[in-house]
There are 2 protein chains.
Amino acid sequence: MTEKVKVGIFGLGLRGFSLLKHVCDIENVKVTALCDLYEERIERATNYMKEKNIELPKFCTDDYHKLIACEDVDVVMIFAAWEAHIPAAIEAMRAGKSVAVEVAGAYSIDQCWELVKTYEETKTPIMMLENCCYGRRELMLLNMIKQGFFGNIAHCDGSYCHDLREEIIGGNVNKHYRLRNYMNRNCENYPTHELGPIAQWLNINHGNRMVSLTSTASKSVGLHDYVKKHHADDEELMNTSFNQGDIITTVIKCAHGETIKLTLGTTLPRFYSRGLTVCGTDAFFDENTKTIVRDGEFTPEEEENWLKENIGNEEKYLEEYEHPIWKKYQEEGVREGHGGMDWLVLNAFFDALKENTPMPIDVYDMATWMAITPLSERSIQMGSSPVEIPDFTNGKWCVK
Amino acid sequence: MTEKVKVGIFGLGLRGFSLLKHVCDIENVKVTALCDLYEERIERATNYMKEKNIELPKFCTDDYHKLIACEDVDVVMIFAAWEAHIPAAIEAMRAGKSVAVEVAGAYSIDQCWELVKTYEETKTPIMMLENCCYGRRELMLLNMIKQGFFGNIAHCDGSYCHDLREEIIGGNVNKHYRLRNYMNRNCENYPTHELGPIAQWLNINHGNRMVSLTSTASKSVGLHDYVKKHHADDEELMNTSFNQGDIITTVIKCAHGETIKLTLGTTLPRFYSRGLTVCGTDAFFDENTKTIVRDGEFTPEEEENWLKENIGNEEKYLEEYEHPIWKKYQEEGVREGHGGMDWLVLNAFFDALKENTPMPIDVYDMATWMAITPLSERSIQMGSSPVEIPDFTNGKWCVK
């Protein structure tokens, strides 16, 4: 029997608690340490483990430095506030601990470089847990793209459009880190859910790279409006001003001429959408209508009826193009958590760790994707001026 | 009986011929002169008029200067190639003829200024025939917005996404002006179908204005791919290179902080869409799913089912919010032509002319909307740098 991997978890808010449950289910993994600033969150976690008859972690702390230093921890999983992700990841790598990090944007380009350099010095395994890279749709599209289904791809769209107003504003009571970010910053603060899959489709860091972007912020009216509607008795909130624009549009240009457009919309009413499109010479995909159009499939006269009759036709492509990861997952019995993505991304990390293979989302992907946040901040501050996207691989991107 | 308005038509390609038929149907309007470079197009037009027992124009020419100078012409309607629109409009105004102009983008900022200045000198009535400003959906949304339905609007999207590959490539035989534009330029070449309605929603030139934009072009692969697929035996086309990027993304910032995102996609396979969205504090509209979301209409838990059950719910708002123009139009019996828009925009022009009221799409709107094309060209040439959008009203925009 293999010895179990000993995992320390940093951050047990809603997201961290949800991921902890999955981690407890993974074979040959044992949660040995917990860290959160708030004692009640640690209690919630240990109560859950008790109920499930899972061996309790011996080490609990409110100090993440101690979690990282703990001898009983091989792997540090960072599910904490956005600001802590990169500093904690760097510290863990320096301590020789493997690292898995929840998604976030970075705060400076410098910290992205430090992340990469620390990895290059230590060679400690590190992976960003971008669950959307394991979405069923995203993986089917990846599979189709690699088989040439879309032909030559010129453009992709993606968005994080999700009405988070109560989550952000509730920050006062729920200690949510989003609130302070929306008060003080103005940027594409959450790019990776859509950019991660798109970067994989367009071979970013593997034969292609993102070279520049512009970013533009709309005015900020959604959060104050929400406070007026639902928290008018909260004087502090009523007097809070929010820097974050309601809609952030970021346009990225790639080395091979593709463009990527990202939209962040989290502070106005709407339905959830990651708004993915793939625009190629042989086919078109659109997430909102859930359709795939193949070149030549209809004549201009048939066009209007085609859309009416084919809304949702993406499903019919699953039979031929379901990604092997999802085929296996379906065969083994589907697990919950954001439509399976959470389970798959966690397993991908522990599998790579166990088999000592390269991390499927490596430190270069992590630095490149997270860098979009401070770069968009810079562009917005400079009136949407184009800004260069650093090559964190220092040229390795073109050595496919 | 009022004397009929005498109309000279410049440009009788597919679009011009289609509009001529409507013009012949308008009360108190008489087509007295025709102009096209190609004799067969004039024949097609006169044959149609003969069949319909319409009095034939006495004056036919291949020289638009002569059409404008013709004494038997009060109104010049310009349906010709894009390049001719502004020069012909200026010449017509100088000749004291009223002018109606089909949509297009401009070629320089200077010609936009000259258009405005010529109007200010001559006070000759001029209107841009942006039919999409008369679309049923667009007018319903305008009506809703003016009634405050959407609350404070932070952002709008629009697009001209239309697979025009055969129309562009067929340019060799059909003399289509699009071909030379796609060979030589790289810009948002057709912004007004979506920008026109959005500008009206956001009070552009009437209390608000567009202040700057960035524009980014993807690589150009769609047209060459199409030539390879369908015209591989045409050596000239096979050797043609196309400057025009397949997807052009333009982000505009307005004086009151709203952002507008425009997408041009005409050279890759896809379904038609003007991709309109309205993102406000009280409601959200999305053209692709044809849905309107009202703030508070569903809880996060109900969200996924809400979209499934409400796709297409825009229709249910027609009862309350149908625009008066469309109510009247429905009562009087619907006419054909791009879903009624063509008929409505032509009538709006002749009504304003007859009643001597301000043109509903005036010279400032025309210059401002058309200017997006050369400004996007400039931004693209300068690596997506932000460029200033001129105030063609010279401050009149803030004197509501």
# chains A, B, ... in the order shown; residues from 1 in each chain; ligands from 1
$ residues_around --residues "Ser379 of chain A" --least-positions-apart "4" --cutoff "12 Å" --atoms "only C-alpha atoms" --output "MDAnalysis selection string"
(chainID A and resid 186:188 212:217 248:252 372:375 383:389) or (chainID B and resid 214 384:386)
$ write_last_selection --atoms "N, CA, C and O atoms" --output "compact mmCIF listing (two decimals), in the first residue's frame"
# COMPACT_ATOMS: atom_id res chain seq x y z
N ASN A 186 -10.04 48.37 -10.24
CA ASN A 186 -10.89 48.47 -11.43
C ASN A 186 -10.18 47.69 -12.53
O ASN A 186 -9.26 48.20 -13.17
N CYS A 187 -10.60 46.44 -12.74
CA CYS A 187 -9.85 45.57 -13.65
C CYS A 187 -10.63 44.31 -13.99
O CYS A 187 -11.67 44.03 -13.39
N GLU A 188 -10.13 43.55 -14.93
CA GLU A 188 -10.61 42.20 -15.22
C GLU A 188 -10.12 41.33 -14.06
O GLU A 188 -9.00 40.79 -14.10
N SER A 212 -0.38 41.19 -26.36
CA SER A 212 -0.80 42.51 -25.85
C SER A 212 -2.29 42.51 -25.57
O SER A 212 -3.03 41.64 -26.06
N LEU A 213 -2.72 43.48 -24.81
CA LEU A 213 -4.16 43.63 -24.56
C LEU A 213 -4.52 45.09 -24.36
O LEU A 213 -3.67 45.93 -24.04
N THR A 214 -5.81 45.36 -24.58
CA THR A 214 -6.41 46.61 -24.12
C THR A 214 -7.57 46.23 -23.20
O THR A 214 -8.17 45.17 -23.36
N SER A 215 -7.87 47.10 -22.27
CA SER A 215 -8.98 46.83 -21.36
C SER A 215 -9.73 48.12 -21.10
O SER A 215 -9.13 49.19 -20.98
N THR A 216 -11.05 48.02 -21.09
CA THR A 216 -11.89 49.21 -20.92
C THR A 216 -12.96 48.91 -19.88
O THR A 216 -13.60 47.86 -19.93
N ALA A 217 -13.13 49.84 -18.96
CA ALA A 217 -14.12 49.67 -17.88
C ALA A 217 -15.29 50.60 -18.11
O ALA A 217 -15.11 51.78 -18.41
N ILE A 248 -16.23 45.01 -17.79
CA ILE A 248 -14.84 45.20 -18.21
C ILE A 248 -14.65 44.40 -19.50
O ILE A 248 -14.89 43.19 -19.53
N THR A 249 -14.22 45.08 -20.54
CA THR A 249 -13.99 44.42 -21.83
C THR A 249 -12.50 44.42 -22.11
O THR A 249 -11.88 45.48 -22.14
N THR A 250 -11.95 43.25 -22.30
CA THR A 250 -10.51 43.10 -22.51
C THR A 250 -10.29 42.39 -23.84
O THR A 250 -10.92 41.36 -24.10
N VAL A 251 -9.44 42.96 -24.68
CA VAL A 251 -9.18 42.35 -25.99
C VAL A 251 -7.69 42.02 -26.07
O VAL A 251 -6.84 42.89 -25.90
N ILE A 252 -7.42 40.74 -26.29
CA ILE A 252 -6.05 40.22 -26.26
C ILE A 252 -5.64 39.85 -27.68
O ILE A 252 -6.44 39.28 -28.44
N ILE A 372 -3.25 38.71 -16.52
CA ILE A 372 -4.24 39.51 -17.23
C ILE A 372 -4.88 40.54 -16.29
O ILE A 372 -5.20 41.66 -16.71
N THR A 373 -5.00 40.19 -15.02
CA THR A 373 -5.65 41.11 -14.07
C THR A 373 -4.84 42.41 -13.89
O THR A 373 -5.38 43.49 -14.17
N PRO A 374 -3.58 42.35 -13.45
CA PRO A 374 -2.86 43.64 -13.32
C PRO A 374 -2.62 44.34 -14.66
O PRO A 374 -2.54 45.57 -14.70
N LEU A 375 -2.54 43.57 -15.75
CA LEU A 375 -2.35 44.22 -17.06
C LEU A 375 -3.62 44.97 -17.46
O LEU A 375 -3.55 46.06 -18.04
N GLY A 383 -6.21 54.81 -19.85
CA GLY A 383 -7.19 55.13 -20.88
C GLY A 383 -7.30 54.09 -21.97
O GLY A 383 -7.46 54.41 -23.15
N SER A 384 -7.22 52.81 -21.59
CA SER A 384 -7.32 51.67 -22.52
C SER A 384 -6.13 51.54 -23.46
O SER A 384 -6.24 50.92 -24.52
N SER A 385 -5.00 52.09 -23.07
CA SER A 385 -3.79 51.91 -23.90
C SER A 385 -3.42 50.44 -23.98
O SER A 385 -3.62 49.68 -23.03
N PRO A 386 -2.86 50.04 -25.13
CA PRO A 386 -2.40 48.66 -25.23
C PRO A 386 -1.20 48.43 -24.32
O PRO A 386 -0.34 49.29 -24.21
N VAL A 387 -1.18 47.29 -23.66
CA VAL A 387 -0.04 46.94 -22.81
C VAL A 387 0.48 45.57 -23.23
O VAL A 387 -0.27 44.71 -23.69
N GLU A 388 1.76 45.42 -23.11
CA GLU A 388 2.44 44.19 -23.48
C GLU A 388 2.15 43.09 -22.45
O GLU A 388 2.11 43.36 -21.25
N ILE A 389 1.97 41.89 -22.92
CA ILE A 389 1.82 40.74 -22.01
C ILE A 389 3.18 40.05 -21.94
O ILE A 389 3.71 39.63 -22.97
N THR B 214 -10.95 51.91 -28.80
CA THR B 214 -9.84 51.07 -29.24
C THR B 214 -10.43 50.05 -30.20
O THR B 214 -11.60 49.69 -30.09
N SER B 384 -3.86 49.03 -31.64
CA SER B 384 -5.03 49.14 -30.74
C SER B 384 -4.94 50.31 -29.77
O SER B 384 -5.60 50.30 -28.72
N SER B 385 -4.15 51.30 -30.10
CA SER B 385 -4.09 52.49 -29.24
C SER B 385 -5.45 53.17 -29.17
O SER B 385 -6.19 53.18 -30.15
N PRO B 386 -5.76 53.76 -28.02
CA PRO B 386 -7.02 54.51 -27.94
C PRO B 386 -6.95 55.76 -28.80
O PRO B 386 -5.90 56.42 -28.86
$ interface_residues --of "chain A" --to "chain B" --cutoff "8 Å" --atoms "only C-alpha atoms" --output "number ranges by chain"
A: 152, 154-155, 214, 216-222, 225, 246-247, 249, 251, 253, 256-259, 261, 268-272, 279-284, 288-289, 293-296, 303-304, 307, 383-386
$ residues_around --residues "segment 71-77 of chain B" --least-positions-apart "6" --cutoff "8 Å" --atoms "only C-alpha atoms" --output "number ranges by chain"
B: 5-10, 32-33, 92, 97-102
$ residues_around --residues "Cys35 of chain A" --least-positions-apart "3" --cutoff "8 Å" --atoms "only C-alpha atoms" --output "PyMOL selection string"
chain A and resi 8-12+42+60-64+67
$ write_last_selection --atoms "all heavy atoms" --output "PDB file, in the first residue's frame"
ATOM      1  N   GLY A   8      -2.255  19.812   3.479  1.00  0.00           N
ATOM      2  CA  GLY A   8      -2.665  20.919   4.344  1.00  0.00           C
ATOM      3  C   GLY A   8      -3.504  21.900   3.540  1.00  0.00           C
ATOM      4  O   GLY A   8      -3.131  22.258   2.427  1.00  0.00           O
ATOM      5  N   ILE A   9      -4.646  22.268   4.091  1.00  0.00           N
ATOM      6  CA  ILE A   9      -5.555  23.150   3.361  1.00  0.00           C
ATOM      7  C   ILE A   9      -5.583  24.534   3.983  1.00  0.00           C
ATOM      8  O   ILE A   9      -5.828  24.683   5.188  1.00  0.00           O
ATOM      9  CB  ILE A   9      -6.973  22.540   3.306  1.00  0.00           C
ATOM     10  CG1 ILE A   9      -6.926  21.271   2.419  1.00  0.00           C
ATOM     11  CG2 ILE A   9      -7.982  23.544   2.735  1.00  0.00           C
ATOM     12  CD1 ILE A   9      -8.248  20.576   2.245  1.00  0.00           C
ATOM     13  N   PHE A  10      -5.338  25.526   3.143  1.00  0.00           N
ATOM     14  CA  PHE A  10      -5.336  26.925   3.577  1.00  0.00           C
ATOM     15  C   PHE A  10      -6.557  27.615   2.958  1.00  0.00           C
ATOM     16  O   PHE A  10      -6.626  27.806   1.750  1.00  0.00           O
ATOM     17  CB  PHE A  10      -4.030  27.590   3.112  1.00  0.00           C
ATOM     18  CG  PHE A  10      -3.987  29.085   3.275  1.00  0.00           C
ATOM     19  CD1 PHE A  10      -4.709  29.735   4.281  1.00  0.00           C
ATOM     20  CD2 PHE A  10      -3.192  29.853   2.422  1.00  0.00           C
ATOM     21  CE1 PHE A  10      -4.645  31.121   4.414  1.00  0.00           C
ATOM     22  CE2 PHE A  10      -3.132  31.234   2.554  1.00  0.00           C
ATOM     23  CZ  PHE A  10      -3.857  31.868   3.548  1.00  0.00           C
ATOM     24  N   GLY A  11      -7.508  27.953   3.805  1.00  0.00           N
ATOM     25  CA  GLY A  11      -8.703  28.658   3.317  1.00  0.00           C
ATOM     26  C   GLY A  11      -9.901  27.739   3.326  1.00  0.00           C
ATOM     27  O   GLY A  11      -9.992  26.825   2.517  1.00  0.00           O
ATOM     28  N   LEU A  12     -10.838  27.977   4.260  1.00  0.00           N
ATOM     29  CA  LEU A  12     -11.993  27.097   4.409  1.00  0.00           C
ATOM     30  C   LEU A  12     -13.302  27.874   4.353  1.00  0.00           C
ATOM     31  O   LEU A  12     -14.265  27.547   5.042  1.00  0.00           O
ATOM     32  CB  LEU A  12     -11.869  26.294   5.713  1.00  0.00           C
ATOM     33  CG  LEU A  12     -10.758  25.239   5.657  1.00  0.00           C
ATOM     34  CD1 LEU A  12     -10.338  24.814   7.059  1.00  0.00           C
ATOM     35  CD2 LEU A  12     -11.191  24.016   4.838  1.00  0.00           C
ATOM     36  N   ILE A  42     -12.917  26.319  10.663  1.00  0.00           N
ATOM     37  CA  ILE A  42     -12.168  25.090  10.959  1.00  0.00           C
ATOM     38  C   ILE A  42     -13.102  24.080  11.639  1.00  0.00           C
ATOM     39  O   ILE A  42     -13.098  22.897  11.309  1.00  0.00           O
ATOM     40  CB  ILE A  42     -10.931  25.404  11.833  1.00  0.00           C
ATOM     41  CG1 ILE A  42      -9.931  26.216  10.970  1.00  0.00           C
ATOM     42  CG2 ILE A  42     -10.290  24.129  12.374  1.00  0.00           C
ATOM     43  CD1 ILE A  42      -8.619  26.518  11.630  1.00  0.00           C
ATOM     44  N   CYS A  60      -4.194  22.347  13.372  1.00  0.00           N
ATOM     45  CA  CYS A  60      -5.076  23.423  12.912  1.00  0.00           C
ATOM     46  C   CYS A  60      -4.496  24.757  13.347  1.00  0.00           C
ATOM     47  O   CYS A  60      -4.008  24.888  14.475  1.00  0.00           O
ATOM     48  CB  CYS A  60      -6.482  23.257  13.484  1.00  0.00           C
ATOM     49  SG  CYS A  60      -7.304  21.789  12.862  1.00  0.00           S
ATOM     50  N   THR A  61      -4.563  25.747  12.481  1.00  0.00           N
ATOM     51  CA  THR A  61      -3.909  27.024  12.782  1.00  0.00           C
ATOM     52  C   THR A  61      -4.614  28.164  12.056  1.00  0.00           C
ATOM     53  O   THR A  61      -5.338  27.932  11.080  1.00  0.00           O
ATOM     54  CB  THR A  61      -2.416  26.978  12.343  1.00  0.00           C
ATOM     55  OG1 THR A  61      -1.827  28.264  12.566  1.00  0.00           O
ATOM     56  CG2 THR A  61      -2.276  26.646  10.865  1.00  0.00           C
ATOM     57  N   ASP A  62      -4.388  29.384  12.563  1.00  0.00           N
ATOM     58  CA  ASP A  62      -4.887  30.547  11.828  1.00  0.00           C
ATOM     59  C   ASP A  62      -3.734  31.243  11.098  1.00  0.00           C
ATOM     60  O   ASP A  62      -3.904  32.324  10.555  1.00  0.00           O
ATOM     61  CB  ASP A  62      -5.620  31.524  12.758  1.00  0.00           C
ATOM     62  CG  ASP A  62      -4.697  32.075  13.844  1.00  0.00           C
ATOM     63  OD1 ASP A  62      -3.500  31.688  13.899  1.00  0.00           O
ATOM     64  OD2 ASP A  62      -5.180  32.885  14.655  1.00  0.00           O
ATOM     65  N   ASP A  63      -2.571  30.604  11.084  1.00  0.00           N
ATOM     66  CA  ASP A  63      -1.373  31.230  10.501  1.00  0.00           C
ATOM     67  C   ASP A  63      -0.864  30.350   9.365  1.00  0.00           C
ATOM     68  O   ASP A  63      -0.354  29.251   9.591  1.00  0.00           O
ATOM     69  CB  ASP A  63      -0.320  31.359  11.610  1.00  0.00           C
ATOM     70  CG  ASP A  63       0.970  31.982  11.108  1.00  0.00           C
ATOM     71  OD1 ASP A  63       1.138  32.099   9.869  1.00  0.00           O
ATOM     72  OD2 ASP A  63       1.812  32.329  11.952  1.00  0.00           O
ATOM     73  N   TYR A  64      -0.984  30.849   8.136  1.00  0.00           N
ATOM     74  CA  TYR A  64      -0.659  29.968   7.018  1.00  0.00           C
ATOM     75  C   TYR A  64       0.841  29.657   6.922  1.00  0.00           C
ATOM     76  O   TYR A  64       1.232  28.645   6.352  1.00  0.00           O
ATOM     77  CB  TYR A  64      -1.250  30.494   5.701  1.00  0.00           C
ATOM     78  CG  TYR A  64      -0.494  31.585   4.980  1.00  0.00           C
ATOM     79  CD1 TYR A  64       0.588  31.289   4.144  1.00  0.00           C
ATOM     80  CD2 TYR A  64      -0.889  32.923   5.083  1.00  0.00           C
ATOM     81  CE1 TYR A  64       1.252  32.289   3.447  1.00  0.00           C
ATOM     82  CE2 TYR A  64      -0.228  33.916   4.396  1.00  0.00           C
ATOM     83  CZ  TYR A  64       0.851  33.606   3.583  1.00  0.00           C
ATOM     84  OH  TYR A  64       1.504  34.590   2.911  1.00  0.00           O
ATOM     85  N   LEU A  67       1.128  26.495   8.699  1.00  0.00           N
ATOM     86  CA  LEU A  67       0.610  25.372   7.896  1.00  0.00           C
ATOM     87  C   LEU A  67       1.674  24.904   6.899  1.00  0.00           C
ATOM     88  O   LEU A  67       1.936  23.710   6.748  1.00  0.00           O
ATOM     89  CB  LEU A  67      -0.656  25.794   7.144  1.00  0.00           C
ATOM     90  CG  LEU A  67      -1.279  24.686   6.283  1.00  0.00           C
ATOM     91  CD1 LEU A  67      -2.316  23.910   7.097  1.00  0.00           C
ATOM     92  CD2 LEU A  67      -1.909  25.241   5.024  1.00  0.00           C
TER      93      LEU A  67
END
$ select_by_dssp --residues "segment 174-395 of chain A" --states "strand (DSSP E)" --output "ChimeraX atom specification"
/A:210-217,247-254,259-265,277-280,283-286,291-294,387-388
$ write_last_selection --atoms "N, CA, C and O atoms" --output "short mmCIF file (atom, residue, chain, number, x, y, z; two decimals), in the first residue's frame"
data_model
loop_
_atom_site.label_atom_id
_atom_site.label_comp_id
_atom_site.auth_asym_id
_atom_site.auth_seq_id
_atom_site.Cartn_x
_atom_site.Cartn_y
_atom_site.Cartn_z
N MET A 210 0.16 35.09 -25.88
CA MET A 210 -0.61 36.33 -25.88
C MET A 210 0.39 37.48 -25.81
O MET A 210 1.28 37.48 -24.95
N VAL A 211 0.27 38.44 -26.74
CA VAL A 211 1.31 39.48 -26.82
C VAL A 211 0.89 40.83 -26.25
O VAL A 211 1.74 41.57 -25.74
N SER A 212 -0.38 41.19 -26.36
CA SER A 212 -0.80 42.51 -25.85
C SER A 212 -2.29 42.51 -25.57
O SER A 212 -3.03 41.64 -26.06
N LEU A 213 -2.72 43.48 -24.81
CA LEU A 213 -4.16 43.63 -24.56
C LEU A 213 -4.52 45.09 -24.36
O LEU A 213 -3.67 45.93 -24.04
N THR A 214 -5.81 45.36 -24.58
CA THR A 214 -6.41 46.61 -24.12
C THR A 214 -7.57 46.23 -23.20
O THR A 214 -8.17 45.17 -23.36
N SER A 215 -7.87 47.10 -22.27
CA SER A 215 -8.98 46.83 -21.36
C SER A 215 -9.73 48.12 -21.10
O SER A 215 -9.13 49.19 -20.98
N THR A 216 -11.05 48.02 -21.09
CA THR A 216 -11.89 49.21 -20.92
C THR A 216 -12.96 48.91 -19.88
O THR A 216 -13.60 47.86 -19.93
N ALA A 217 -13.13 49.84 -18.96
CA ALA A 217 -14.12 49.67 -17.88
C ALA A 217 -15.29 50.60 -18.11
O ALA A 217 -15.11 51.78 -18.41
N ILE A 247 -18.89 46.58 -16.26
CA ILE A 247 -18.51 45.68 -17.37
C ILE A 247 -17.09 46.02 -17.79
O ILE A 247 -16.78 47.17 -18.09
N ILE A 248 -16.23 45.01 -17.79
CA ILE A 248 -14.84 45.20 -18.21
C ILE A 248 -14.65 44.40 -19.50
O ILE A 248 -14.89 43.19 -19.53
N THR A 249 -14.22 45.08 -20.54
CA THR A 249 -13.99 44.42 -21.83
C THR A 249 -12.50 44.42 -22.11
O THR A 249 -11.88 45.48 -22.14
N THR A 250 -11.95 43.25 -22.30
CA THR A 250 -10.51 43.10 -22.51
C THR A 250 -10.29 42.39 -23.84
O THR A 250 -10.92 41.36 -24.10
N VAL A 251 -9.44 42.96 -24.68
CA VAL A 251 -9.18 42.35 -25.99
C VAL A 251 -7.69 42.02 -26.07
O VAL A 251 -6.84 42.89 -25.90
N ILE A 252 -7.42 40.74 -26.29
CA ILE A 252 -6.05 40.22 -26.26
C ILE A 252 -5.64 39.85 -27.68
O ILE A 252 -6.44 39.28 -28.44
N LYS A 253 -4.42 40.17 -28.05
CA LYS A 253 -3.91 39.76 -29.35
C LYS A 253 -2.83 38.70 -29.15
O LYS A 253 -1.98 38.82 -28.26
N CYS A 254 -2.86 37.66 -29.98
CA CYS A 254 -1.90 36.56 -29.84
C CYS A 254 -0.83 36.64 -30.94
O CYS A 254 -1.02 37.27 -31.98
N THR A 259 -7.38 36.79 -31.93
CA THR A 259 -7.80 37.71 -30.89
C THR A 259 -8.71 36.97 -29.90
O THR A 259 -9.40 36.01 -30.27
N ILE A 260 -8.65 37.42 -28.65
CA ILE A 260 -9.48 36.85 -27.58
C ILE A 260 -10.18 38.03 -26.90
O ILE A 260 -9.52 38.99 -26.52
N LYS A 261 -11.48 37.95 -26.79
CA LYS A 261 -12.19 39.02 -26.09
C LYS A 261 -12.79 38.48 -24.81
O LYS A 261 -13.49 37.47 -24.84
N LEU A 262 -12.46 39.10 -23.69
CA LEU A 262 -12.98 38.69 -22.38
C LEU A 262 -13.94 39.75 -21.84
O LEU A 262 -13.66 40.95 -21.95
N THR A 263 -15.02 39.30 -21.25
CA THR A 263 -15.97 40.22 -20.62
C THR A 263 -16.16 39.83 -19.17
O THR A 263 -16.42 38.66 -18.87
N LEU A 264 -16.02 40.79 -18.27
CA LEU A 264 -16.34 40.56 -16.87
C LEU A 264 -17.61 41.34 -16.54
O LEU A 264 -17.67 42.55 -16.77
N GLY A 265 -18.61 40.65 -16.04
CA GLY A 265 -19.86 41.34 -15.69
C GLY A 265 -20.45 40.68 -14.46
O GLY A 265 -21.14 39.66 -14.58
N THR A 277 -17.11 31.56 -27.44
CA THR A 277 -17.28 31.34 -28.88
C THR A 277 -15.95 30.85 -29.44
O THR A 277 -14.88 31.12 -28.87
N VAL A 278 -16.05 30.14 -30.55
CA VAL A 278 -14.87 29.76 -31.33
C VAL A 278 -15.18 30.15 -32.77
O VAL A 278 -16.18 29.68 -33.34
N CYS A 279 -14.38 31.02 -33.35
CA CYS A 279 -14.63 31.51 -34.71
C CYS A 279 -13.51 31.01 -35.61
O CYS A 279 -12.40 31.55 -35.59
N GLY A 280 -13.81 29.97 -36.39
CA GLY A 280 -12.79 29.40 -37.27
C GLY A 280 -13.25 29.38 -38.72
O GLY A 280 -14.41 29.70 -39.02
N ALA A 283 -15.80 26.22 -38.88
CA ALA A 283 -16.94 26.09 -37.98
C ALA A 283 -16.96 27.22 -36.97
O ALA A 283 -15.97 27.93 -36.79
N PHE A 284 -18.11 27.34 -36.33
CA PHE A 284 -18.37 28.39 -35.34
C PHE A 284 -19.08 27.76 -34.16
O PHE A 284 -19.98 26.94 -34.34
N PHE A 285 -18.66 28.12 -32.95
CA PHE A 285 -19.36 27.68 -31.75
C PHE A 285 -19.83 28.89 -30.97
O PHE A 285 -19.10 29.87 -30.86
N ASP A 286 -21.03 28.81 -30.42
CA ASP A 286 -21.57 29.90 -29.61
C ASP A 286 -22.23 29.33 -28.37
O ASP A 286 -23.20 28.56 -28.46
N THR A 291 -24.91 26.38 -29.88
CA THR A 291 -24.92 25.85 -31.24
C THR A 291 -23.52 25.76 -31.82
O THR A 291 -22.62 26.52 -31.45
N ILE A 292 -23.40 24.81 -32.74
CA ILE A 292 -22.20 24.67 -33.57
C ILE A 292 -22.66 24.79 -35.01
O ILE A 292 -23.57 24.08 -35.44
N VAL A 293 -22.04 25.70 -35.76
CA VAL A 293 -22.35 25.88 -37.18
C VAL A 293 -21.16 25.36 -37.98
O VAL A 293 -20.03 25.78 -37.75
N ARG A 294 -21.42 24.45 -38.89
CA ARG A 294 -20.35 23.98 -39.78
C ARG A 294 -20.43 24.75 -41.09
O ARG A 294 -21.52 25.03 -41.58
N VAL A 387 -1.18 47.29 -23.66
CA VAL A 387 -0.04 46.94 -22.81
C VAL A 387 0.48 45.57 -23.23
O VAL A 387 -0.27 44.71 -23.69
N GLU A 388 1.76 45.42 -23.11
CA GLU A 388 2.44 44.19 -23.48
C GLU A 388 2.15 43.09 -22.45
O GLU A 388 2.11 43.36 -21.25
#
$ closest_residue --among "A:Ala199, A:Ile168, A:Cys24, A:Ile204" --to "Asp391 of chain A" --atoms "only C-alpha atoms"
A:Ile204
$ select_by_dssp --residues "segment 320-399 of chain A" --states "helix (DSSP H, G or I)" --output "ChimeraX atom specification"
/A:320-321,324-332,341-355,363-381,396-398
$ residues_around --residues "Pro197 of chain A" --least-positions-apart "4" --cutoff "12 Å" --atoms "only C-alpha atoms" --output "ChimeraX atom specification"
/A:130-143,145,156-159,191-193,201-204,260,274,276-278,360-361,365,369
